[in-house]
Amino acid sequence: MWNIPYELFIGLRYLNAKRKQTFISVISFISISGVAIGVMALIIVLGVMTGFSDDLRNKILGAKSHLVISQHGVGIPNYRDIIKEVTTVDGVVSATPAIYNQVMLTSASNTVGSMIKGIDVASAPTVTNLGSIIKQGSLADLEKLSPAGLPGVILGKEQAMILGVICGDELKVISPFGTMTPGGMIPRSKRFEVVGIFDSGMYEYDSSLAYISLTKAQQFFNQPDVATEIEVKVEDIYGVKQLSESIEERLGIAYQVRDWMEMHKNLYAALKLEKMAMFVILILIILVAAFNIVGTLIMVVNDKYKDIAILKSMGARSFSIMKIFVLEGLIIGFIGTFLGIVGGMLLATLQNTYHIIALPPDVYYISHLLIKITPRDLILVIVSAISISLVATLYPSWQASQLDPAEALRYE
């Protein structure tokens, strides 16, 4: 037989009620269930917020770079020199030039506004994950001309659906920056052939972004050998703030350096605030379960009034009596927390495997609910649940320790 402290032994016996004390056992079960449900809900919600935030970050960085360098009000004619300078900075992995402008895309069936991006086909894949999100065609096709002599364009999946085009179809790109004539401004336009379709998983990008080669963009926008921005990939995506300040200081005040966190700070600030608010709200569920623990222990104390008196008469100290009921409450908290963790992990695994809950991607940026449970969140939930359970045991345990054995046994 295991040699365990008698306080723990008695606490376990009190949880396992006899037939005439079934009501106390039911209340104990309800207390355990309350803690388990609270812990499970907390794990799932924190996992959903973490999963949504991480998936959103991955999709943003799939089509966007970690840092973007631009020159105030103008393009960057010396972008090659800037790239050489930037790539010497510790923490920078690679850099690529790009031209970014707003245009109109016109097909045989529709017209949409779009952002068109001219990229260097050779260096762009070293900065972003663009190559992996292209589902039809390839980046190399941007450098080729069609049999009709047309340059290539890669469209987002949603944009292609809106325009009603597929690979091999033609469309017209119209720039608001046209040519001034005696009759007024004539918009600049050029025909392109769709050579690829990409799917970033973000409706915002898939419906409003198109890619052409850098040289074709320079020709179309009449900006020979000029880039409007330089995209940079770094080693530590969470250390971009310090790195951007270092690069900006090195390049001078004529250049602006923005990191991915800054460009999406409103979205990430909202997600962080929502995650904190949900944590506070769901902690209340565990607090409600803690009141069940308080009620359970008070009833056990009242039911075991004589037992406590006998233990004290046999020499048990007040601290030991208090310890019995603290351990009983903690056992309820531990069992409930364990069951909640198992339930939460099981639900998370089922959702991530079978995608039971689907979401509209144009609203939530993702097609299904993703639950990511991190060790940090798991530890936070366990510590919170056990701490609340411990606090809930203090008053009933103290009440039991103050019992006067002479008073309890007077009429026995």
# chains A, B, ... in the order shown; residues from 1 in each chain; ligands from 1
>>> select_by_dssp(residues="region 199-380 of chain A", states="strand (DSSP E)", output="number ranges by chain")
A: 209-213, 229-234, 255-259
>>> write_last_selection(atoms="N, CA and C atoms", output="PDB file, in the first residue's frame")
ATOM      1  N   LEU A 209      -4.888  42.178 -56.350  1.00  0.00           N
ATOM      2  CA  LEU A 209      -3.458  42.253 -56.611  1.00  0.00           C
ATOM      3  C   LEU A 209      -3.102  41.446 -57.853  1.00  0.00           C
ATOM      4  N   ALA A 210      -2.251  42.023 -58.703  1.00  0.00           N
ATOM      5  CA  ALA A 210      -1.782  41.333 -59.910  1.00  0.00           C
ATOM      6  C   ALA A 210      -0.284  41.559 -60.041  1.00  0.00           C
ATOM      7  N   TYR A 211       0.407  40.608 -60.672  1.00  0.00           N
ATOM      8  CA  TYR A 211       1.858  40.674 -60.825  1.00  0.00           C
ATOM      9  C   TYR A 211       2.253  40.700 -62.300  1.00  0.00           C
ATOM     10  N   ILE A 212       3.224  41.564 -62.627  1.00  0.00           N
ATOM     11  CA  ILE A 212       3.894  41.537 -63.924  1.00  0.00           C
ATOM     12  C   ILE A 212       5.392  41.624 -63.653  1.00  0.00           C
ATOM     13  N   SER A 213       6.210  41.464 -64.678  1.00  0.00           N
ATOM     14  CA  SER A 213       7.656  41.537 -64.458  1.00  0.00           C
ATOM     15  C   SER A 213       8.075  42.990 -64.237  1.00  0.00           C
ATOM     16  N   GLU A 229       9.652  50.700 -54.581  1.00  0.00           N
ATOM     17  CA  GLU A 229       9.945  50.204 -53.244  1.00  0.00           C
ATOM     18  C   GLU A 229      10.934  49.048 -53.316  1.00  0.00           C
ATOM     19  N   ILE A 230      11.587  48.796 -52.194  1.00  0.00           N
ATOM     20  CA  ILE A 230      12.500  47.653 -52.065  1.00  0.00           C
ATOM     21  C   ILE A 230      11.981  46.789 -50.929  1.00  0.00           C
ATOM     22  N   GLU A 231      11.739  45.528 -51.237  1.00  0.00           N
ATOM     23  CA  GLU A 231      11.225  44.602 -50.231  1.00  0.00           C
ATOM     24  C   GLU A 231      12.378  43.806 -49.627  1.00  0.00           C
ATOM     25  N   VAL A 232      12.309  43.605 -48.314  1.00  0.00           N
ATOM     26  CA  VAL A 232      13.413  42.990 -47.580  1.00  0.00           C
ATOM     27  C   VAL A 232      12.900  41.824 -46.741  1.00  0.00           C
ATOM     28  N   LYS A 233      13.647  40.730 -46.752  1.00  0.00           N
ATOM     29  CA  LYS A 233      13.367  39.589 -45.889  1.00  0.00           C
ATOM     30  C   LYS A 233      14.400  39.553 -44.773  1.00  0.00           C
ATOM     31  N   VAL A 234      13.947  39.306 -43.521  1.00  0.00           N
ATOM     32  CA  VAL A 234      14.847  39.305 -42.368  1.00  0.00           C
ATOM     33  C   VAL A 234      14.827  37.931 -41.700  1.00  0.00           C
ATOM     34  N   TYR A 255      14.634  58.245 -46.914  1.00  0.00           N
ATOM     35  CA  TYR A 255      13.998  56.939 -47.095  1.00  0.00           C
ATOM     36  C   TYR A 255      13.120  56.597 -45.886  1.00  0.00           C
ATOM     37  N   GLN A 256      12.050  55.885 -46.189  1.00  0.00           N
ATOM     38  CA  GLN A 256      11.142  55.417 -45.145  1.00  0.00           C
ATOM     39  C   GLN A 256      11.173  53.889 -45.127  1.00  0.00           C
ATOM     40  N   VAL A 257      11.298  53.316 -43.917  1.00  0.00           N
ATOM     41  CA  VAL A 257      11.331  51.864 -43.769  1.00  0.00           C
ATOM     42  C   VAL A 257      10.157  51.457 -42.882  1.00  0.00           C
ATOM     43  N   ARG A 258       9.293  50.616 -43.429  1.00  0.00           N
ATOM     44  CA  ARG A 258       8.123  50.135 -42.682  1.00  0.00           C
ATOM     45  C   ARG A 258       8.197  48.616 -42.549  1.00  0.00           C
ATOM     46  N   ASP A 259       7.867  48.119 -41.361  1.00  0.00           N
ATOM     47  CA  ASP A 259       7.876  46.669 -41.164  1.00  0.00           C
ATOM     48  C   ASP A 259       6.454  46.129 -41.244  1.00  0.00           C
TER      49      ASP A 259
END
>>> select_by_dssp(residues="region 77-250 of chain A", states="helix (DSSP H, G or I)", output="short mmCIF file (atom, residue, chain, number, x, y, z; two decimals) with C-alpha atoms, in the first residue's frame")
data_model
loop_
_atom_site.label_atom_id
_atom_site.label_comp_id
_atom_site.auth_asym_id
_atom_site.auth_seq_id
_atom_site.Cartn_x
_atom_site.Cartn_y
_atom_site.Cartn_z
CA TYR A 79 17.66 50.78 -56.08
CA ARG A 80 20.55 48.46 -56.95
CA ASP A 81 22.92 50.42 -54.70
CA ILE A 82 20.33 50.49 -51.92
CA ILE A 83 19.88 46.71 -52.15
CA LYS A 84 23.65 46.18 -51.89
CA GLU A 85 23.75 48.46 -48.84
CA VAL A 86 20.76 46.83 -47.13
CA ALA A 124 11.33 38.03 -55.60
CA PRO A 125 11.01 34.34 -54.52
CA THR A 126 13.93 34.85 -52.09
CA LEU A 130 5.08 34.03 -53.96
CA GLY A 131 6.30 30.93 -55.79
CA SER A 132 4.38 28.64 -53.40
CA ILE A 133 1.03 30.43 -53.70
CA LEU A 139 6.84 33.20 -62.15
CA ALA A 140 9.13 32.40 -65.08
CA ASP A 141 6.16 32.88 -67.44
CA LEU A 142 6.19 36.61 -66.62
CA GLU A 143 9.44 37.02 -68.56
CA LYS A 157 -7.92 33.72 -57.81
CA GLU A 158 -10.82 35.97 -56.82
CA GLN A 159 -9.80 38.67 -59.30
CA ALA A 160 -9.67 36.15 -62.14
CA MET A 161 -13.19 34.98 -61.23
CA ILE A 162 -14.50 38.57 -61.18
CA LEU A 163 -12.94 39.28 -64.58
CA TYR A 203 -9.46 37.58 -50.04
CA GLU A 204 -7.98 41.08 -49.79
CA TYR A 205 -4.95 40.07 -51.86
CA ASP A 206 -6.61 37.53 -54.14
CA LEU A 214 9.67 44.51 -63.23
CA THR A 215 10.97 45.43 -66.69
CA LYS A 216 7.45 45.38 -68.19
CA ALA A 217 6.20 47.53 -65.29
CA GLN A 218 9.01 50.07 -65.82
CA GLN A 219 8.13 50.29 -69.50
CA PHE A 220 4.38 50.52 -68.91
CA ILE A 237 10.28 38.49 -38.07
CA TYR A 238 9.61 39.68 -34.50
CA GLY A 239 12.78 41.79 -34.39
CA VAL A 240 11.87 43.83 -37.45
CA LYS A 241 11.21 47.01 -35.48
CA GLN A 242 14.80 47.40 -34.31
CA LEU A 243 16.14 46.31 -37.71
CA SER A 244 13.97 48.81 -39.59
CA GLU A 245 15.24 51.62 -37.37
CA SER A 246 18.83 50.53 -38.02
CA ILE A 247 18.30 50.46 -41.80
CA GLU A 248 16.50 53.81 -41.78
CA GLU A 249 19.35 55.38 -39.82
CA ARG A 250 21.89 53.98 -42.29
#
>>> closest_residue(among="A:Ala290, A:Val153, A:Val342, A:Leu403", to="Ile30 (chain A)", atoms="only C-alpha atoms")
A:Ala290
>>> closest_atom_pairs(of="region 268-319 of chain A", to="region 323-332 of chain A", cutoff="9 Å", atoms="only C-alpha atoms", output="CSV")
residue,atom,partner,partner_atom,distance
A:Ile293,CA,A:Gly329,CA,6.4
A:Val294,CA,A:Gly329,CA,8.2
A:Thr296,CA,A:Gly329,CA,8.6
A:Leu297,CA,A:Phe325,CA,6.9
A:Val300,CA,A:Phe325,CA,8.7
A:Val301,CA,A:Phe325,CA,8.2
A:Ser318,CA,A:Lys323,CA,8.5
A:Phe319,CA,A:Lys323,CA,6.0
>>> write_last_selection(atoms="C-alpha atoms", output="PDB file, in the first residue's frame")
ATOM      1  CA  ILE A 293     -16.103  24.048  -5.037  1.00  0.00           C
ATOM      2  CA  VAL A 294     -16.787  26.400  -2.112  1.00  0.00           C
ATOM      3  CA  THR A 296     -19.148  21.465  -2.003  1.00  0.00           C
ATOM      4  CA  LEU A 297     -16.519  21.898   0.702  1.00  0.00           C
ATOM      5  CA  VAL A 300     -18.612  18.311   3.315  1.00  0.00           C
ATOM      6  CA  VAL A 301     -17.454  20.230   6.402  1.00  0.00           C
ATOM      7  CA  SER A 318      -5.880  22.768  12.936  1.00  0.00           C
ATOM      8  CA  PHE A 319      -3.412  23.073  10.048  1.00  0.00           C
TER       9      PHE A 319
END
>>> residues_around(residues="Ser146 (chain A)", least_positions_apart="2", cutoff="10 Å", atoms="only C-alpha atoms", output="number ranges by chain")
A: 141-144, 148-152, 168, 192-195
>>> closest_residue(among="A:Leu369, A:Ala358, A:Val165, A:Ile197", to="Ser109 (chain A)", atoms="only C-alpha atoms")
A:Val165
>>> closest_residue(among="A:Ala392, A:Ile356, A:Leu380, A:Ile310", to="Ile341 (chain A)", atoms="only C-alpha atoms")
A:Leu380
>>> closest_residue(among="A:Leu311, A:Thr106, A:Lys172, A:Asp199", to="Gly137 (chain A)", atoms="only C-alpha atoms")
A:Asp199
>>> residues_around(residues="Trp260 (chain A)", least_positions_apart="4", cutoff="7 Å", atoms="only C-alpha atoms", output="PyMOL selection string")
chain A and resi 66-67+264
>>> closest_residue(among="A:Ala254, A:Leu171, A:Ile373, A:Met104", to="Ser208 (chain A)", atoms="only C-alpha atoms")
A:Met104
>>> closest_residue(among="A:Asp307, A:Ser107, A:Met261, A:Gly91", to="Ile10 (chain A)", atoms="only C-alpha atoms")
A:Asp307
>>> atom_distance(atom1="CA of Tyr6 (chain A)", atom2="CA of Ala36 (chain A)")
27.2 Å
